[in-house]
Amino acid sequence: MKQKISIPIKKSDVPEKAGGSAKYIADIEFEGMLYAKTLRSDRPRARINSIKIPELPEGYYIVDKNDIPGKNRVKMIIDDQPFFAEDVVNYIGEPILLVVGPDKEKVFEIVYKIKVYYEDIEPIFTIEEAEKEKKNPIYGDDNCFAEYEFKKGEPEKAFATLSYIVEDEYSTDYQEHIYLEPQGVVGIYENGKVTVYGAMQCPYYVKNALLQAFGWDENRIRVVQTTTGGAFGGKEEYPSLIAGHAAFAAVKTGKPVQLVFDRNEDIEVTTKRHPSSIKFKTALDENNRIIAMDVDIKIDAGANAGLSDVVLQRSMFSATGVYNIPNIRVRGKALATNKVPSGAFRGFGAPQVFFAIEMHMYHIADKVGMEPIDFKTKHILMRGDTTSTGGLLRSEVKLPEIIDTIDKMSQYREKYEKFKKKRDGLKGIGFSLFFHGCGFTGSGEKDLIKAKVKLKKKKNDKVEILVSNVDMGQGAQTALRKIVSYSLDKPIEHIIYENPDTDRVPDSGPTVASRTVMIVGGLLEKAARKLKERWNEAPELEIVERYKQPEYIRWDQKKFKGDAYPEYSWGANVVEVEIDPVTYEIKVLGIWGVYDVGVAIDEKMLRGQIEGGIIQGLGFATIEVMNIKDGKIQQDTITDYIIPTSKDFPKIEIKLIDNPYEYGPFGAKCAGELPFVGAAPALASAVQYALNVPIRKIPVTPELLLSYVNLINKPQNSKELRECLTTEHVPPLRDPEVSGTEIAELKETS
Amino acid sequence: MKKEINFVLNKKGVNITTDPLRRLLDILREDLGLKGVKEGCGEGECGSCAVIINNRIVNSCIVAVGTVEGAEIITIEGYRKTKQYKLLEDSFAEAGAVQCGFCTPGIIIAAETLLRINPEPNENAIRDAISGNLCRCTGYNMIVEGIKIASQKGKGLW
Ligand code: FES
Ligand code: FES
């Protein structure tokens, strides 16, 4: 049954955004504002011997490590990232100092004239090199920012007794956020107090970073979020770094200082999605049931730890997908390399492993001679089962209904059969199943975030929402206002939400992990119900609500045991493709998605999240290519790093399955990241089906496909062939021109 | 070397003396305070800086101001006063076409230039018309719908 709250309303910020009057950070001018430009390392790894600075004209300044009153480290899980490099640089683009002054062009000129004298150090570029290099590590004594292992059941025993084993290895590459508004901040210093305005997801992360960097009293630091032009995780941790820069410069110059990136700088130096390498070893019994799975995940963290530790954890907790596997071992490492730091990006480590597990399941299905959809369905998790970390699934898992619905919508089975029998061009269809763990991992909400929200009833009977969660385009302000308006029974126009200002709002936590609606919205719902009861007590009222962990959650952070997430959202995607037989370009013919996100707070906004998430996910899977060579990003402009346009993908058909979550506001669970997660494996499966070559890597580019097909047809380089097709891995080719035995022969000769 | 340049901006004459090689985008944003014209890339790829010059859509970040002598320029600030704009705004709201909004002024400009020459565009024509505008949030389908709704409701307006 459709809930009343799900009925769409118009987003209130449309007029100002469409008409161009909304003020993003680059649109705000402050009296006497100066401009800052960053001097960056052009070496992947080097010692700084000296820096030669030309004579500065009047009114121009250098701001560097000596201008930091407190600690020269950006506050994060591990404080290893300096605001400004000290004696060594660890990636191309690492900030060394700022030039600040009234005329932008002059500032740029000065930056170009500064000379840095380096002494190069042997750099570490790949995950393999990082694991090997022990003599001169970038971090600690083993280059490892985080390393974990957890188990369920008795995997060793299962592997020792079972003989049918399937092994696979997958990899994924960088993805750049390309939020359309580049990063930017303005720092101001007035009456002994620093204020930073800017595009950001987490005002209190920024505030806490500034507190550590300045070592000042709490009330001397203020952070205000400005209308933010997209973020997708890219404005989670990064703004803390540049907020520091602008703030140091403001204090030194006594003037407002603007630090806004242009697109190239943004692509070159901000965080990206972690490249990954994921290995599976899976044991089956004689009934083709998976008994044990061993997963080994390595992610490339780049030069600083950043959030890699938690990204890795989410990868690990998602590694066995939506499947019920009794014996599991998962290992993971986040490794340091001399490249731009990787960071938060929609899905936070889960998209990489969902690509891998879904392709692995497809491959096993092929090997045991089952249709992927049947093989996957046979293994799905149900209510009462336990997750890979042993957490009990308490709510109904509606995967059977999801699978059934998407099959009907897309005619998946029918097309799968049809394409198998008769080749109608190079057409293929692919299917993926996935979940997203809602909110912070384990007891993070209780132990780390401790969210607090406030509702303020004003004299004019309007109610203001005071939270630190931002609207970065996803519609948080409309969603949260809707929740309060429905809970209070007041028209939405009476509910006010303004961009968070840490001087006014309590710390309700960061705008990440799809927690804003489920956790913060849940707290606001409670506060609103209390306010409703007390409405007539006084003309002005304030209600504060603090997070309390639901009783049922059990989590052991040391052993990784229990409820890794308080709840899960679920989904399925189908993608249909046709591949050009000459150019190997992939044309997507159809996209379908079915989701259980509990209850939609607004169906239209949710659809916006789904549509945008899927297209970003398909970009990740196909055209968004980013490589780093010798520490330098090869696609460092928007001309070279291509993202989807209006002509790349067709319409999307979407259905929602209602499944209210007891502890979510109006039954809502998480929704923002989930749609990203399933797109890549569905696309890759469709391509694999169309060409019958194993897809082990994304993005799937025409060049990659051509090389696979060439290798299968006429192997020229035996090493490459082995990499692409190990004996275990080749599904029988459906292409009539090359038979299975021929392939076997090819492999023998290689 | 500075030069005097004259053009018509949002129906008003403008006379400025500046380096003719400066980007039109900077003139609009910095000298004339028109901040609705956004800079998403500075390379002519994203369309967030789109304006209408002599009835054609142009990315103002790749136009040297010296080349607009005598031209008629409309930016979102001028366009938003029209009935056509209001209809597009409402249709975009109805379709859920606006998320972060950074791309939106440019896309509204693209929609206007399309509807002027083709008031009843089909889906392909709409996709073509906005293919020079990047949007990272919406995945485009809801924008396409917004333009469709405007064209249906706007019979006779264009
Ligand atoms: S800023 Fe002009 S096209 Fe992107
Ligand atoms: S709405 Fe964010 S880029 Fe289009």
# chains A, B, ... in the order shown; residues from 1 in each chain; ligands from 1

$ residues_near_ligand --ligand "ligand 1" --cutoff "7 Å" --atoms "only C-alpha atoms and all ligand atoms" --output "list of chain:residue names"
B:Lys38, B:Glu39, B:Gly40, B:Cys41, B:Gly42, B:Glu43, B:Gly44, B:Glu45, B:Cys46, B:Gly47, B:Ser48, B:Cys49, B:Ala50, B:Asn59, B:Ser60, B:Cys61, B:Ile62

$ write_last_selection --atoms "N, CA and C atoms" --output "CSV table (one decimal), in the first residue's frame"
chain,number,residue,atom,x,y,z
B,38,LYS,N,27.1,29.9,-14.5
B,38,LYS,CA,28.0,29.1,-13.6
B,38,LYS,C,29.3,28.6,-14.4
B,39,GLU,N,30.3,28.4,-13.6
B,39,GLU,CA,31.5,27.8,-14.2
B,39,GLU,C,31.7,26.4,-13.7
B,40,GLY,N,31.4,25.4,-14.6
B,40,GLY,CA,31.5,24.0,-14.2
B,40,GLY,C,32.8,23.4,-14.7
B,41,CYS,N,33.4,23.9,-15.8
B,41,CYS,CA,34.6,23.3,-16.3
B,41,CYS,C,35.5,24.3,-16.9
B,42,GLY,N,35.0,25.4,-17.5
B,42,GLY,CA,36.0,26.3,-18.1
B,42,GLY,C,36.6,25.8,-19.4
B,43,GLU,N,36.0,24.8,-20.0
B,43,GLU,CA,36.6,24.2,-21.2
B,43,GLU,C,35.6,24.0,-22.3
B,44,GLY,N,34.4,24.5,-22.1
B,44,GLY,CA,33.4,24.4,-23.1
B,44,GLY,C,32.7,23.0,-23.2
B,45,GLU,N,32.8,22.3,-22.1
B,45,GLU,CA,32.3,20.9,-22.1
B,45,GLU,C,31.0,20.7,-21.3
B,46,CYS,N,30.7,21.5,-20.3
B,46,CYS,CA,29.6,21.2,-19.4
B,46,CYS,C,28.4,22.0,-19.6
B,47,GLY,N,28.4,23.1,-20.3
B,47,GLY,CA,27.2,23.9,-20.5
B,47,GLY,C,26.6,24.7,-19.4
B,48,SER,N,27.3,24.7,-18.2
B,48,SER,CA,26.7,25.4,-17.1
B,48,SER,C,26.9,26.9,-17.2
B,49,CYS,N,27.7,27.3,-18.2
B,49,CYS,CA,27.9,28.7,-18.4
B,49,CYS,C,27.2,29.2,-19.6
B,50,ALA,N,26.2,28.4,-20.1
B,50,ALA,CA,25.5,28.7,-21.4
B,50,ALA,C,24.7,30.0,-21.3
B,59,ASN,N,28.6,28.6,-25.0
B,59,ASN,CA,29.2,28.4,-23.7
B,59,ASN,C,30.1,29.6,-23.5
B,60,SER,N,29.8,30.5,-22.6
B,60,SER,CA,30.4,31.7,-22.4
B,60,SER,C,31.9,31.6,-21.9
B,61,CYS,N,32.3,30.4,-21.5
B,61,CYS,CA,33.6,30.3,-21.0
B,61,CYS,C,34.6,30.1,-22.1
B,62,ILE,N,34.2,29.9,-23.3
B,62,ILE,CA,35.1,29.8,-24.4
B,62,ILE,C,34.9,30.9,-25.5

$ interface_residues --of "chain B" --to "chain A" --cutoff "9 Å" --atoms "only C-alpha atoms" --output "number ranges by chain"
B: 29, 33-46, 48, 76-77, 79-80, 85-86, 88-90, 92-108, 124, 126-128, 130-142, 144

$ residues_around --residues "B:Ile117" --least-positions-apart "2" --cutoff "12 Å" --atoms "only C-alpha atoms" --output "list in words"
Asn55, Arg56, Ile57, Ala110, Ala111, Glu112, Thr113, Leu114, Leu115, Pro119, Glu120, Pro121, Ala125, Ile126, Ala129, Ser151, Leu157 and Trp158 of chain B

$ write_last_selection --atoms "N, CA, C and O atoms" --output "PDB file, in the first residue's frame"
ATOM      1  N   ASN B  55      20.490  34.732 -30.530  1.00  0.00           N
ATOM      2  CA  ASN B  55      19.554  33.614 -30.690  1.00  0.00           C
ATOM      3  C   ASN B  55      20.181  32.231 -30.693  1.00  0.00           C
ATOM      4  O   ASN B  55      19.496  31.257 -30.954  1.00  0.00           O
ATOM      5  N   ARG B  56      21.476  32.153 -30.448  1.00  0.00           N
ATOM      6  CA  ARG B  56      22.094  30.828 -30.414  1.00  0.00           C
ATOM      7  C   ARG B  56      22.703  30.556 -29.047  1.00  0.00           C
ATOM      8  O   ARG B  56      23.178  31.462 -28.374  1.00  0.00           O
ATOM      9  N   ILE B  57      22.699  29.275 -28.675  1.00  0.00           N
ATOM     10  CA  ILE B  57      23.269  28.936 -27.370  1.00  0.00           C
ATOM     11  C   ILE B  57      24.793  28.836 -27.489  1.00  0.00           C
ATOM     12  O   ILE B  57      25.311  28.242 -28.433  1.00  0.00           O
ATOM     13  N   ALA B 110      19.381  25.987 -22.619  1.00  0.00           N
ATOM     14  CA  ALA B 110      19.371  25.030 -23.730  1.00  0.00           C
ATOM     15  C   ALA B 110      17.934  24.693 -24.129  1.00  0.00           C
ATOM     16  O   ALA B 110      17.616  24.560 -25.319  1.00  0.00           O
ATOM     17  N   ALA B 111      17.063  24.551 -23.121  1.00  0.00           N
ATOM     18  CA  ALA B 111      15.672  24.221 -23.402  1.00  0.00           C
ATOM     19  C   ALA B 111      14.997  25.354 -24.175  1.00  0.00           C
ATOM     20  O   ALA B 111      14.271  25.129 -25.147  1.00  0.00           O
ATOM     21  N   GLU B 112      15.272  26.586 -23.753  1.00  0.00           N
ATOM     22  CA  GLU B 112      14.691  27.740 -24.454  1.00  0.00           C
ATOM     23  C   GLU B 112      15.149  27.772 -25.918  1.00  0.00           C
ATOM     24  O   GLU B 112      14.337  27.953 -26.818  1.00  0.00           O
ATOM     25  N   THR B 113      16.428  27.569 -26.159  1.00  0.00           N
ATOM     26  CA  THR B 113      16.901  27.642 -27.549  1.00  0.00           C
ATOM     27  C   THR B 113      16.304  26.512 -28.389  1.00  0.00           C
ATOM     28  O   THR B 113      16.051  26.692 -29.572  1.00  0.00           O
ATOM     29  N   LEU B 114      16.054  25.379 -27.765  1.00  0.00           N
ATOM     30  CA  LEU B 114      15.395  24.285 -28.490  1.00  0.00           C
ATOM     31  C   LEU B 114      13.946  24.654 -28.816  1.00  0.00           C
ATOM     32  O   LEU B 114      13.510  24.564 -29.969  1.00  0.00           O
ATOM     33  N   LEU B 115      13.206  25.070 -27.784  1.00  0.00           N
ATOM     34  CA  LEU B 115      11.770  25.292 -27.960  1.00  0.00           C
ATOM     35  C   LEU B 115      11.488  26.452 -28.918  1.00  0.00           C
ATOM     36  O   LEU B 115      10.472  26.477 -29.592  1.00  0.00           O
ATOM     37  N   PRO B 119       9.013  23.936 -31.103  1.00  0.00           N
ATOM     38  CA  PRO B 119       8.165  24.019 -29.900  1.00  0.00           C
ATOM     39  C   PRO B 119       7.597  22.667 -29.465  1.00  0.00           C
ATOM     40  O   PRO B 119       7.168  22.530 -28.321  1.00  0.00           O
ATOM     41  N   GLU B 120       7.578  21.696 -30.372  1.00  0.00           N
ATOM     42  CA  GLU B 120       7.077  20.385 -29.963  1.00  0.00           C
ATOM     43  C   GLU B 120       8.107  19.294 -30.239  1.00  0.00           C
ATOM     44  O   GLU B 120       7.917  18.433 -31.093  1.00  0.00           O
ATOM     45  N   PRO B 121       9.193  19.340 -29.543  1.00  0.00           N
ATOM     46  CA  PRO B 121      10.276  18.400 -29.838  1.00  0.00           C
ATOM     47  C   PRO B 121       9.943  16.989 -29.364  1.00  0.00           C
ATOM     48  O   PRO B 121       9.228  16.821 -28.378  1.00  0.00           O
ATOM     49  N   ALA B 125      15.020  14.851 -29.999  1.00  0.00           N
ATOM     50  CA  ALA B 125      15.389  16.253 -30.190  1.00  0.00           C
ATOM     51  C   ALA B 125      15.761  16.881 -28.844  1.00  0.00           C
ATOM     52  O   ALA B 125      16.698  17.678 -28.763  1.00  0.00           O
ATOM     53  N   ILE B 126      15.030  16.496 -27.806  1.00  0.00           N
ATOM     54  CA  ILE B 126      15.340  17.044 -26.479  1.00  0.00           C
ATOM     55  C   ILE B 126      16.707  16.546 -26.015  1.00  0.00           C
ATOM     56  O   ILE B 126      17.550  17.314 -25.551  1.00  0.00           O
ATOM     57  N   ALA B 129      19.337  18.387 -27.800  1.00  0.00           N
ATOM     58  CA  ALA B 129      19.457  19.794 -27.403  1.00  0.00           C
ATOM     59  C   ALA B 129      20.204  19.963 -26.091  1.00  0.00           C
ATOM     60  O   ALA B 129      20.893  20.965 -25.896  1.00  0.00           O
ATOM     61  N   SER B 151       6.820  21.852 -23.040  1.00  0.00           N
ATOM     62  CA  SER B 151       6.391  21.991 -24.433  1.00  0.00           C
ATOM     63  C   SER B 151       4.903  21.684 -24.580  1.00  0.00           C
ATOM     64  O   SER B 151       4.191  22.335 -25.330  1.00  0.00           O
ATOM     65  N   LEU B 157       3.183  29.395 -26.714  1.00  0.00           N
ATOM     66  CA  LEU B 157       4.148  30.287 -26.043  1.00  0.00           C
ATOM     67  C   LEU B 157       5.433  30.430 -26.850  1.00  0.00           C
ATOM     68  O   LEU B 157       6.069  31.469 -26.869  1.00  0.00           O
ATOM     69  N   TRP B 158       5.808  29.352 -27.521  1.00  0.00           N
ATOM     70  CA  TRP B 158       7.045  29.416 -28.304  1.00  0.00           C
ATOM     71  C   TRP B 158       6.739  29.451 -29.783  1.00  0.00           C
ATOM     72  O   TRP B 158       5.772  28.849 -30.228  1.00  0.00           O
TER      73      TRP B 158
END

$ residues_around --residues "B:Thr67" --least-positions-apart "2" --cutoff "10 Å" --atoms "only C-alpha atoms" --output "number ranges by chain"
B: 5, 20-21, 23-24, 63-65, 69-71

$ residues_around --residues "A:Ile92" --least-positions-apart "6" --cutoff "7 Å" --atoms "only C-alpha atoms" --output "ChimeraX atom specification"
/A:41-44,339-340,631-632

$ closest_residue --among "A:Val575, A:Ala668, A:Val687, A:Val88" --to "A:Ile519" --atoms "only C-alpha atoms"
A:Ala668

$ closest_atom_pairs --of "stretch 498-542 of chain A" --to "stretch 186-199 of chain A" --cutoff "10 Å" --atoms "only C-alpha atoms" --output "CSV"
residue,atom,partner,partner_atom,distance
A:Asp501,CA,A:Tyr197,CA,9.0
A:Thr502,CA,A:Thr195,CA,9.7
A:Asp503,CA,A:Thr195,CA,9.9

$ write_last_selection --atoms "N, CA and C atoms" --output "CSV table (one decimal), in the first residue's frame"
chain,number,residue,atom,x,y,z
A,501,ASP,N,24.7,26.0,10.0
A,501,ASP,CA,25.7,27.0,10.5
A,501,ASP,C,26.0,26.4,11.9
A,502,THR,N,27.3,26.0,12.1
A,502,THR,CA,27.6,25.3,13.4
A,502,THR,C,27.4,26.2,14.6
A,503,ASP,N,27.2,27.5,14.4
A,503,ASP,CA,26.8,28.4,15.6
A,503,ASP,C,25.4,28.2,15.9

$ select_by_dssp --residues "chain B" --states "strand (DSSP E or B)" --output "PyMOL selection string"
chain B and resi 3-9+12-18+23+50-53+56-59+64+72-74

$ select_by_dssp --residues "stretch 607-728 of chain A" --states "helix (DSSP H, G or I)" --output "PyMOL selection string"
chain A and resi 607-621+665-667+674-677+679-691+702-713+718-724+727-728

$ residues_around --residues "B:Ile53" --least-positions-apart "6" --cutoff "7 Å" --atoms "only C-alpha atoms" --output "mmCIF file with all heavy atoms, in the first residue's frame"
data_model
loop_
_atom_site.group_PDB
_atom_site.id
_atom_site.type_symbol
_atom_site.label_atom_id
_atom_site.label_comp_id
_atom_site.auth_asym_id
_atom_site.auth_seq_id
_atom_site.Cartn_x
_atom_site.Cartn_y
_atom_site.Cartn_z
ATOM 1 N N ALA B 71 26.709 42.333 -30.240
ATOM 2 C CA ALA B 71 25.818 41.166 -30.132
ATOM 3 C C ALA B 71 24.705 41.402 -29.114
ATOM 4 O O ALA B 71 24.787 42.298 -28.265
ATOM 5 C CB ALA B 71 26.627 39.943 -29.728
ATOM 6 N N GLU B 72 23.676 40.555 -29.230
ATOM 7 C CA GLU B 72 22.631 40.595 -28.228
ATOM 8 C C GLU B 72 22.729 39.350 -27.359
ATOM 9 O O GLU B 72 22.648 38.225 -27.855
ATOM 10 C CB GLU B 72 21.262 40.658 -28.898
ATOM 11 C CG GLU B 72 20.206 40.970 -27.862
ATOM 12 C CD GLU B 72 18.811 41.079 -28.455
ATOM 13 O OE1 GLU B 72 18.703 41.445 -29.641
ATOM 14 O OE2 GLU B 72 17.878 40.768 -27.710
ATOM 15 N N ILE B 73 22.930 39.563 -26.072
ATOM 16 C CA ILE B 73 23.190 38.446 -25.153
ATOM 17 C C ILE B 73 22.072 38.340 -24.121
ATOM 18 O O ILE B 73 21.641 39.353 -23.571
ATOM 19 C CB ILE B 73 24.541 38.643 -24.419
ATOM 20 C CG1 ILE B 73 25.671 38.781 -25.441
ATOM 21 C CG2 ILE B 73 24.816 37.493 -23.456
ATOM 22 C CD1 ILE B 73 27.025 39.073 -24.838
ATOM 23 N N ILE B 74 21.613 37.115 -23.906
ATOM 24 C CA ILE B 74 20.642 36.899 -22.831
ATOM 25 C C ILE B 74 21.204 35.856 -21.877
ATOM 26 O O ILE B 74 21.657 34.787 -22.300
ATOM 27 C CB ILE B 74 19.290 36.431 -23.401
ATOM 28 C CG1 ILE B 74 18.685 37.578 -24.212
ATOM 29 C CG2 ILE B 74 18.335 36.033 -22.285
ATOM 30 C CD1 ILE B 74 17.422 37.232 -24.909
#

$ atom_distance --atom1 "atom CA of A:Glu545" --atom2 "atom CA of A:Ala528"
9.5 Å

$ residues_around --residues "A:Lys207" --least-positions-apart "5" --cutoff "7 Å" --atoms "only C-alpha atoms" --output "list in words"
Ile221, Arg222 and Val223 of chain A

$ closest_residue --among "B:Asn10, B:Arg22, B:Ile143, B:Gly156" --to "ligand 2" --atoms "only C-alpha atoms and all ligand atoms"
B:Ile143

$ atom_distance --atom1 "atom CA of A:Tyr174" --atom2 "atom CA of A:Val625"
7.4 Å

$ atom_distance --atom1 "atom CA of A:Arg329" --atom2 "atom CA of A:Ser443"
22.1 Å

$ closest_residue --among "B:Leu25, B:Leu32, B:Val8, B:Ile109" --to "B:Asn54" --atoms "only C-alpha atoms"
B:Val8
